[in-house]
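See below for start_31.txt, which holds compact mmCIF, C-alpha atoms.
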# COMPACT_ATOMS: atom_id res chain seq x y z
CA MET K 1 -17.68 -11.09 14.84
CA SER K 2 -14.22 -9.73 15.50
CA ASN K 3 -13.81 -6.86 17.96
CA ASP K 4 -11.15 -5.49 15.59
CA ILE K 5 -13.64 -4.39 12.93
CA GLN K 6 -17.25 -3.27 13.04
CA PHE K 7 -19.94 -3.17 10.34
CA GLU K 8 -23.05 -1.01 10.39
CA GLU K 9 -25.87 -0.17 8.01
CA ARG K 10 -26.92 3.44 8.37
CA ASN K 11 -29.37 5.28 6.09
CA GLY K 12 -28.16 3.63 2.91
CA LEU K 13 -24.52 3.54 3.99
CA GLY K 14 -22.51 0.41 4.60
CA LEU K 15 -20.11 1.66 7.29
CA ILE K 16 -16.88 -0.18 8.13
CA THR K 17 -14.91 0.92 11.19
CA LEU K 18 -11.47 -0.45 12.06
CA THR K 19 -11.28 -0.84 15.84
CA ARG K 20 -7.82 -2.22 16.52
CA PRO K 21 -5.90 0.96 17.44
CA GLN K 22 -3.51 -0.84 19.78
CA ALA K 23 -2.09 -2.60 16.68
CA LEU K 24 -2.45 0.47 14.43
CA ASN K 25 -5.43 -1.34 12.86
CA ALA K 26 -3.17 -3.95 11.27
CA LEU K 27 -5.26 -6.31 9.16
CA SER K 28 -5.74 -9.82 10.48
CA LEU K 29 -7.02 -12.62 8.28
CA ASN K 30 -10.33 -12.49 10.10
CA MET K 31 -10.67 -8.77 9.29
CA LEU K 32 -9.98 -9.43 5.61
CA GLU K 33 -12.53 -12.23 5.44
CA SER K 34 -15.17 -10.18 7.26
CA MET K 35 -14.66 -7.22 4.93
CA THR K 36 -14.98 -9.44 1.87
CA GLU K 37 -18.17 -11.02 3.19
CA HIS K 38 -19.82 -7.66 3.90
CA LEU K 39 -18.71 -6.00 0.68
CA ILE K 40 -20.21 -8.82 -1.38
CA LYS K 41 -23.43 -8.63 0.62
CA TRP K 42 -23.63 -4.82 0.27
CA ARG K 43 -22.74 -4.97 -3.41
CA ASP K 44 -25.84 -7.01 -4.04
CA ALA K 45 -28.12 -5.12 -1.59
CA ASP K 46 -30.35 -2.47 -3.16
CA HIS K 47 -30.69 -0.52 0.10
CA ILE K 48 -26.93 0.08 0.39
CA LYS K 49 -25.91 2.96 -1.87
CA ILE K 50 -22.43 3.88 -0.58
CA VAL K 51 -19.73 2.04 1.36
CA VAL K 52 -17.60 4.02 3.81
CA ILE K 53 -14.48 2.86 5.65
CA GLN K 54 -12.96 4.69 8.60
CA ALA K 55 -11.03 3.94 11.78
CA ASP K 56 -11.48 4.76 15.44
CA ASP K 57 -9.51 7.80 16.55
CA GLY K 58 -5.85 7.01 16.97
CA ARG K 59 -2.50 7.24 15.23
CA ALA K 60 -3.49 5.15 12.24
CA PHE K 61 -6.15 4.50 9.67
CA CYS K 62 -4.38 1.21 8.97
CA ALA K 63 -0.64 0.62 9.13
CA GLY K 64 -0.72 -2.56 7.03
CA GLY K 65 -0.98 -6.29 7.38
CA ASP K 66 -0.37 -8.35 10.48
CA ILE K 67 3.32 -8.97 9.89
CA ARG K 68 3.96 -10.35 13.38
CA SER K 69 1.69 -13.27 12.51
CA LEU K 70 3.49 -13.59 9.19
CA TYR K 71 6.82 -13.76 11.02
CA GLN K 72 5.57 -16.48 13.35
CA MET K 73 4.34 -18.52 10.40
CA GLY K 74 7.71 -18.19 8.71
CA GLN K 75 9.60 -19.77 11.57
CA ASP K 76 8.50 -23.18 10.30
CA PRO K 77 9.35 -23.52 6.58
CA GLU K 78 6.72 -26.24 6.22
CA LYS K 79 3.98 -23.79 7.30
CA ARG K 80 4.89 -20.97 4.93
CA THR K 81 1.84 -20.27 2.82
CA ALA K 82 0.38 -17.41 0.77
CA HIS K 83 -3.09 -18.06 2.23
CA TYR K 84 -3.30 -14.63 3.90
CA PHE K 85 -2.29 -12.85 0.69
CA TRP K 86 -4.78 -14.87 -1.36
CA HIS K 87 -7.58 -13.36 0.70
CA GLU K 88 -6.03 -9.90 0.86
CA TYR K 89 -5.44 -9.50 -2.88
CA ARG K 90 -8.90 -10.80 -3.77
CA LEU K 91 -10.34 -8.19 -1.39
CA ASN K 92 -8.17 -5.51 -3.02
CA GLN K 93 -9.53 -6.42 -6.46
CA LEU K 94 -13.09 -6.35 -5.10
CA ILE K 95 -12.53 -2.84 -3.73
CA GLY K 96 -10.77 -1.63 -6.86
CA THR K 97 -13.67 -2.70 -9.08
CA TYR K 98 -16.52 -2.05 -6.64
CA PRO K 99 -19.67 -0.94 -8.51
CA LYS K 100 -20.84 1.39 -5.74
CA PRO K 101 -19.06 4.47 -4.34
CA TYR K 102 -16.38 3.40 -1.87
CA VAL K 103 -15.33 6.26 0.41
CA SER K 104 -12.27 5.97 2.67
CA PHE K 105 -11.41 8.44 5.44
CA LEU K 106 -7.62 8.48 5.80
CA ASN K 107 -6.85 10.11 9.12
CA GLY K 108 -3.44 8.83 10.23
CA LEU K 109 -0.89 6.23 9.15
CA THR K 110 -1.97 4.54 5.90
CA MET K 111 0.59 1.99 4.80
CA GLY K 112 0.86 -1.39 3.10
CA GLY K 113 -2.40 -3.26 3.42
CA GLY K 114 -4.06 -0.06 4.62
CA VAL K 115 -3.45 1.42 1.18
CA GLY K 116 -5.12 -1.59 -0.40
CA ILE K 117 -8.38 -1.18 1.51
CA SER K 118 -8.57 2.57 0.90
CA LEU K 119 -6.73 4.16 -2.03
CA LEU K 120 -7.88 1.46 -4.44
CA GLY K 121 -11.46 2.58 -3.84
CA SER K 122 -13.28 5.32 -5.71
CA PHE K 123 -13.10 8.14 -3.13
CA PRO K 124 -10.00 8.16 -0.87
CA ILE K 125 -10.10 11.30 1.32
CA GLY K 126 -7.01 12.42 3.24
CA THR K 127 -6.68 14.72 6.23
CA GLU K 128 -3.92 16.75 7.83
CA ASN K 129 -3.00 13.60 9.76
CA LEU K 130 -2.50 11.34 6.73
CA VAL K 131 0.89 9.65 6.41
CA PHE K 132 1.12 7.47 3.30
CA ALA K 133 3.93 5.00 2.59
CA MET K 134 4.68 1.65 1.03
CA PRO K 135 7.75 0.78 3.15
CA GLU K 136 8.02 -2.90 2.26
CA THR K 137 11.57 -2.93 0.86
CA GLY K 138 12.73 -2.14 4.40
CA ILE K 139 11.43 -5.50 5.66
CA GLY K 140 12.66 -7.60 2.75
CA PHE K 141 9.36 -7.47 0.89
CA PHE K 142 7.92 -5.45 -2.03
CA PRO K 143 5.05 -2.96 -2.50
CA ASP K 144 2.12 -5.32 -2.90
CA ILE K 145 -1.71 -5.03 -2.71
CA GLY K 146 -1.70 -3.69 -6.27
CA SER K 147 0.00 -0.49 -5.10
CA THR K 148 2.20 -0.33 -8.18
CA SER K 149 -0.97 0.32 -10.20
CA LEU K 150 -1.20 3.54 -8.17
CA LEU K 151 2.50 4.38 -7.97
CA SER K 152 3.13 3.85 -11.67
CA HIS K 153 0.70 6.68 -12.40
CA CYS K 154 2.41 9.20 -10.14
CA PRO K 155 4.17 12.04 -11.99
CA ASP K 156 7.20 10.75 -13.92
CA GLU K 157 9.57 8.82 -11.57
CA ILE K 158 8.01 9.74 -8.24
CA GLY K 159 6.26 6.36 -8.01
CA THR K 160 9.54 4.55 -8.62
CA TYR K 161 11.17 6.60 -5.89
CA LEU K 162 8.35 5.89 -3.41
CA ALA K 163 8.27 2.17 -4.18
CA LEU K 164 12.01 1.74 -3.67
CA THR K 165 12.65 4.08 -0.72
CA GLY K 166 9.36 3.72 1.14
CA GLY K 167 9.22 7.51 1.35
CA ARG K 168 6.41 9.04 3.37
CA LEU K 169 3.88 11.53 2.02
CA ASN K 170 1.39 13.83 3.71
CA ALA K 171 -2.02 14.64 2.26
CA MET K 172 -0.70 17.58 0.24
CA ASP K 173 1.97 15.34 -1.30
CA CYS K 174 -0.59 12.60 -2.00
CA GLN K 175 -2.82 15.08 -3.76
CA TYR K 176 0.10 16.33 -5.85
CA CYS K 177 0.98 12.74 -6.79
CA GLY K 178 -2.59 11.88 -7.75
CA LEU K 179 -2.96 9.28 -5.00
CA ILE K 180 -5.93 11.10 -3.47
CA GLU K 181 -8.22 13.68 -5.01
CA TYR K 182 -9.70 15.17 -1.85
CA HIS K 183 -7.93 16.69 1.16
CA ILE K 184 -10.06 17.89 4.08
CA ASN K 185 -9.73 18.93 7.70
CA SER K 186 -10.36 15.96 9.98
CA ALA K 187 -12.83 18.07 11.99
CA ASP K 188 -15.13 18.17 8.94
CA TRP K 189 -15.49 14.40 8.59
CA SER K 190 -18.51 14.03 10.87
CA GLN K 191 -20.37 16.64 8.81
CA ILE K 192 -19.48 14.84 5.57
CA LEU K 193 -20.53 11.48 6.99
CA GLU K 194 -23.88 12.93 8.04
CA ALA K 195 -24.42 14.43 4.58
CA LEU K 196 -23.46 11.33 2.57
CA PRO K 197 -26.83 9.49 2.64
CA ASN K 198 -28.61 12.42 1.00
CA ALA K 199 -25.84 13.51 -1.36
CA THR K 200 -26.76 13.43 -5.05
CA ASN K 201 -23.24 14.34 -6.20
CA LEU K 202 -20.36 13.04 -4.10
CA ASN K 203 -17.74 15.03 -5.95
CA ALA K 204 -19.64 18.23 -5.26
CA LEU K 205 -20.01 17.31 -1.58
CA PHE K 206 -16.32 16.59 -1.09
CA ALA K 207 -15.34 19.69 -3.07
CA GLU K 208 -17.17 21.86 -0.53
CA PHE K 209 -14.61 20.81 2.10
CA GLN K 210 -11.57 20.62 -0.16
CA ILE K 211 -8.29 22.13 1.01
CA PRO K 212 -6.40 23.55 -2.01
CA CYS K 213 -3.19 21.78 -2.98
CA ASN K 214 -0.50 24.41 -2.56
CA ASP K 215 3.04 23.48 -1.56
CA ALA K 216 3.74 19.75 -1.84
CA SER K 217 7.12 19.08 -0.28
CA ILE K 218 7.95 16.27 -2.69
CA ALA K 219 7.67 18.67 -5.64
CA GLU K 220 10.85 20.37 -4.42
CA PHE K 221 12.86 17.25 -5.25
CA LYS K 222 11.04 16.12 -8.38
CA ALA K 223 13.86 17.09 -10.76
CA GLN K 224 16.38 15.03 -8.79
CA ILE K 225 13.97 12.13 -8.47
CA ASP K 226 13.39 12.09 -12.22
CA GLN K 227 17.13 12.31 -12.88
CA HIS K 228 18.21 9.46 -10.63
CA PHE K 229 15.25 7.07 -10.74
CA ALA K 230 14.73 6.87 -14.51
CA PHE K 231 17.16 3.94 -14.87
CA ASN K 232 16.05 0.33 -15.24
CA SER K 233 18.65 -1.19 -12.92
CA MET K 234 19.33 -0.62 -9.24
CA VAL K 235 23.07 -0.52 -9.90
CA SER K 236 22.51 2.43 -12.24
CA ILE K 237 20.15 4.24 -9.85
CA MET K 238 22.52 3.92 -6.92
CA GLY K 239 25.51 4.80 -9.09
CA SER K 240 23.74 7.96 -10.21
CA LEU K 241 23.11 8.94 -6.59
CA VAL K 242 26.75 8.28 -5.70
CA ASP K 243 27.80 10.83 -8.29
CA ASP K 244 25.48 13.52 -6.89
CA PRO K 245 27.06 15.24 -3.85
CA SER K 246 23.84 16.98 -2.78
CA GLU K 247 22.48 16.28 0.69
CA TRP K 248 19.23 14.90 -0.73
CA ALA K 249 21.03 12.45 -3.03
CA GLN K 250 23.34 11.18 -0.33
CA GLN K 251 20.51 10.71 2.16
CA THR K 252 18.49 8.89 -0.48
CA LEU K 253 21.47 6.65 -1.22
CA GLN K 254 21.80 5.79 2.46
CA THR K 255 18.10 4.98 2.58
CA LEU K 256 18.40 2.56 -0.34
CA GLN K 257 21.54 0.95 1.10
CA ALA K 258 19.53 -0.03 4.18
CA LYS K 259 16.88 -1.87 2.14
CA SER K 260 16.89 -5.50 1.05
CA PRO K 261 18.86 -5.69 -2.22
CA THR K 262 16.64 -8.48 -3.52
CA SER K 263 13.55 -6.44 -2.68
CA LEU K 264 14.95 -3.41 -4.50
CA VAL K 265 15.73 -5.35 -7.67
CA ALA K 266 12.35 -7.07 -7.69
CA THR K 267 10.47 -3.86 -6.91
CA LEU K 268 12.11 -1.95 -9.75
CA LYS K 269 11.13 -4.70 -12.19
CA GLN K 270 7.66 -4.77 -10.68
CA ILE K 271 6.94 -1.07 -11.12
CA ARG K 272 8.30 -1.06 -14.67
CA TYR K 273 5.93 -3.90 -15.55
CA ALA K 274 3.05 -2.12 -13.76
CA GLU K 275 3.31 0.86 -16.10
CA ARG K 276 1.44 -1.16 -18.72
CA MET K 277 -0.84 -3.20 -16.44
CA ASP K 278 -4.26 -2.66 -14.89
CA LEU K 279 -5.03 -3.34 -11.23
CA GLY K 280 -5.99 -6.97 -11.76
CA GLU K 281 -2.77 -7.70 -13.62
CA CYS K 282 -0.74 -5.98 -10.89
CA LEU K 283 -2.41 -8.09 -8.21
CA LYS K 284 -1.76 -11.27 -10.16
CA MET K 285 1.89 -10.22 -10.45
CA ASP K 286 1.99 -9.51 -6.72
CA TYR K 287 0.69 -12.97 -5.93
CA ARG K 288 3.42 -14.56 -8.02
CA LEU K 289 6.00 -12.46 -6.22
CA VAL K 290 4.69 -13.14 -2.73
CA SER K 291 4.70 -16.87 -3.38
CA HIS K 292 8.48 -16.61 -3.76
CA PHE K 293 9.19 -14.03 -1.08
CA ILE K 294 7.53 -16.05 1.68
CA GLN K 295 9.91 -18.93 0.91
CA GLY K 296 13.01 -16.73 1.08
CA HIS K 297 15.25 -15.29 3.77
CA ASP K 298 14.99 -11.51 3.65
CA LEU K 299 11.31 -11.12 4.54
CA TYR K 300 11.66 -12.83 7.91
CA GLU K 301 15.03 -11.24 8.59
CA GLY K 302 13.59 -7.81 7.83
CA ILE K 303 10.61 -8.31 10.14
CA ARG K 304 12.93 -9.59 12.85
CA ALA K 305 15.22 -6.57 12.62
CA GLN K 306 12.50 -3.93 12.34
CA ILE K 307 9.60 -5.33 14.38
CA ILE K 308 10.62 -8.27 16.58
CA ASP K 309 14.11 -7.54 17.92
CA LYS K 310 14.14 -3.92 16.71
CA ASP K 311 17.92 -3.88 16.33
CA ARG K 312 17.52 -2.21 12.91
CA SER K 313 20.43 -4.30 11.60
CA PRO K 314 19.10 -6.83 9.10
CA LYS K 315 21.56 -9.23 7.51
CA TRP K 316 20.35 -9.37 3.93
CA GLN K 317 21.18 -12.27 1.61
CA PRO K 318 22.76 -11.21 -0.70
CA GLY K 319 24.09 -8.04 0.85
CA SER K 320 24.26 -5.72 -2.18
CA VAL K 321 22.35 -5.07 -5.39
CA GLU K 322 25.44 -6.00 -7.40
CA ARG K 323 25.20 -9.53 -6.03
CA VAL K 324 21.53 -10.04 -6.80
CA LYS K 325 21.15 -12.38 -9.77
CA ASN K 326 18.62 -10.89 -12.17
CA ALA K 327 17.85 -14.27 -13.70
CA GLU K 328 16.76 -15.60 -10.30
CA VAL K 329 14.52 -12.58 -9.66
CA ASP K 330 13.00 -12.94 -13.14
CA ILE K 331 11.66 -16.33 -12.09
CA TYR K 332 9.51 -14.59 -9.44
CA PHE K 333 7.46 -13.00 -12.23
CA GLU K 334 6.78 -16.16 -14.21
CA PRO K 335 3.21 -17.50 -13.90
CA THR K 336 2.68 -21.05 -12.74
CA PRO K 337 -0.53 -22.93 -11.87
CA GLU K 338 0.42 -22.68 -8.18
CA THR K 339 0.83 -18.88 -8.26
CA GLU K 340 -2.28 -17.87 -10.20
CA LEU K 341 -4.77 -15.64 -8.39
CA GLU K 342 -8.50 -16.05 -9.02
CA PHE K 343 -10.71 -13.06 -8.34
CA ILE K 344 -14.13 -12.87 -6.69
CA GLU K 345 -17.08 -12.69 -9.08

As a first step, turn the structure in this file into structure tokens.
Amino acid sequence: MSNDIQFEERNGLGLITLTRPQALNALSLNMLESMTEHLIKWRDADHIKIVVIQADDGRAFCAGGDIRSLYQMGQDPEKRTAHYFWHEYRLNQLIGTYPKPYVSFLNGLTMGGGVGISLLGSFPIGTENLVFAMPETGIGFFPDIGSTSLLSHCPDEIGTYLALTGGRLNAMDCQYCGLIEYHINSADWSQILEALPNATNLNALFAEFQIPCNDASIAEFKAQIDQHFAFNSMVSIMGSLVDDPSEWAQQTLQTLQAKSPTSLVATLKQIRYAERMDLGECLKMDYRLVSHFIQGHDLYEGIRAQIIDKDRSPKWQPGSVERVKNAEVDIYFEPTPETELEFIE
């Protein structure tokens, strides 16, 4: 078994602990496969009543997938494969439809793949240390793991804003956006974990430790977000921001200008489609998209600039949203036999 993830059965709990803090608990393929194996086993085991996922103390719950390995794979075009994502998205669907309570303790960075193994479950619980984001457009990718099924249900255009900009949220913001229902002090987690095996009503248990949602910082900018991110084209969104001289609008414009134009155009289409899709349909859409993105340029250039060389100066192709051909991006969304995702039964 991998030293990066541990599994324990404790008084009716199936307990998963991420133990790779040196890599911010980034998800390796082995971790994904091990999680899937145990979740299927616990799903069918009468003695397991609740599944809990947590991480060893550190900066992160889980900062996402293992993109360094993805970058290495991409250096040889003949080795580019969606194999990792096949396993990840099937796990995401398993978690999103899990028949038993699935409790996640989000105490630190929770991004990308970390969102997929936590917020898709039935009881995501955030702490004062939670930092949520789907920052994929900054590495030439798109918000995957079915996250648009979550983001599309945020108030009005907030989900669109988060998907495109990769904006970060704390627990109070996540509660305001409907991404988590419960917000607790991290110091209370051990007491909750001890009480879980004997709890007859999980909602009542978590409510005992609930921190009221008061001032969500993102609410301050909701009117501007709704104004500028209601358009169905990136050219229109960025044009709207250009015409707004406020500091928030100009900073947001600069943020978008640093992202991959292809990623922005695809992500906007993706979240508009997700508004009328369930989780399974979103994951199937994500698998079609990823099958194209891994064959392109921007994903590997984005990882190089942000993670490998860290020069923060990616050379996107094309270099602006005006130059992205919508017809070419539309092809990413078309189903083919090679890009169909089959879920675990």

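In terms of minimum interatomic distance to Ala223 in chain K, K:Glu157 ranks closest within K:Glu9, K:Glu157, K:Glu275, K:Glu37, counting all atoms listed in the file.
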
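Distances from K:Ala171, K:Ala195, K:Met134, K:Leu202 to Ser122 in chain K were compared using all atoms listed in the file, and the smallest one belongs to K:Leu202.
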
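Here CA of Glu33 in chain K and CA of Glu8 in chain K stand 16.2 Å from one another.
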
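The space separating CA of Ser260 in chain K from CA of Thr160 in chain K comes to 15.8 Å.
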
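These residues, each with an atom at most 10 Å from (12.0, -0.7, 1.9) using only C-alpha atoms, are Ala133, Met134, Pro135, Glu136, Thr137, Gly138, Ile139, Gly140, Phe141, Phe142, Pro143, Leu162, Ala163, Leu164, Thr165, Gly166, Gly167, Thr255, Leu256, Gln257, Ala258, Lys259, Ser260, Pro261, Ser263, Leu264, Thr267 and Gly302 of chain K.
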
Could the residues in this selection be written to a file with C-alpha atoms, as a CSV table (one decimal), in the frame of the given file?
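Ended up saving to result.csv:
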chain,number,residue,atom,x,y,z
K,133,ALA,CA,3.9,5.0,2.6
K,134,MET,CA,4.7,1.6,1.0
K,135,PRO,CA,7.8,0.8,3.2
K,136,GLU,CA,8.0,-2.9,2.3
K,137,THR,CA,11.6,-2.9,0.9
K,138,GLY,CA,12.7,-2.1,4.4
K,139,ILE,CA,11.4,-5.5,5.7
K,140,GLY,CA,12.7,-7.6,2.8
K,141,PHE,CA,9.4,-7.5,0.9
K,142,PHE,CA,7.9,-5.4,-2.0
K,143,PRO,CA,5.0,-3.0,-2.5
K,162,LEU,CA,8.4,5.9,-3.4
K,163,ALA,CA,8.3,2.2,-4.2
K,164,LEU,CA,12.0,1.7,-3.7
K,165,THR,CA,12.6,4.1,-0.7
K,166,GLY,CA,9.4,3.7,1.1
K,167,GLY,CA,9.2,7.5,1.4
K,255,THR,CA,18.1,5.0,2.6
K,256,LEU,CA,18.4,2.6,-0.3
K,257,GLN,CA,21.5,1.0,1.1
K,258,ALA,CA,19.5,0.0,4.2
K,259,LYS,CA,16.9,-1.9,2.1
K,260,SER,CA,16.9,-5.5,1.0
K,261,PRO,CA,18.9,-5.7,-2.2
K,263,SER,CA,13.6,-6.4,-2.7
K,264,LEU,CA,15.0,-3.4,-4.5
K,267,THR,CA,10.5,-3.9,-6.9
K,302,GLY,CA,13.6,-7.8,7.8

Practice item. Using only C-alpha atoms, find the one residue out of K:Lys100, K:His183, K:Arg10, K:Arg80 that sits nearest to Arg43 in chain K. Key: K:Lys100

Check your understanding: Which is closer to Leu205 in chain K than all the others in K:Leu109, K:Ile125, K:Leu150, K:Ile53, using only C-alpha atoms?
Key -> K:Ile125

Review point. Could you name the residues that touch Gly108 in chain K at 8 Å or less, counting all atoms listed in the file, but leaving out those on the same chain fewer than 4 positions away, as a list in words?
Key: Gly58, Arg59, Ala60, Phe61, Cys62, Thr127, Asn129, Leu130 and Val131 of chain K

Review point. So which one's closest to Leu29 in chain K, K:Leu13, K:Ala55, K:Asp44, K:Asp66? Using all atoms listed in the file, please.
Key: K:Asp66

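CA of Asp215 in chain K to CA of Ser186 in chain K spans 19.2 Å [interatomic distance, one decimal].
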
**Study point:** Contact residues around Gln6 in chain K with all atoms listed in the file at 12 Å, ignoring same-chain residues under 3 positions, as an MDAnalysis selection string
**Key:** chainID K and resid 1:3 9 14:20 25 30:31 34:35 38 52:56
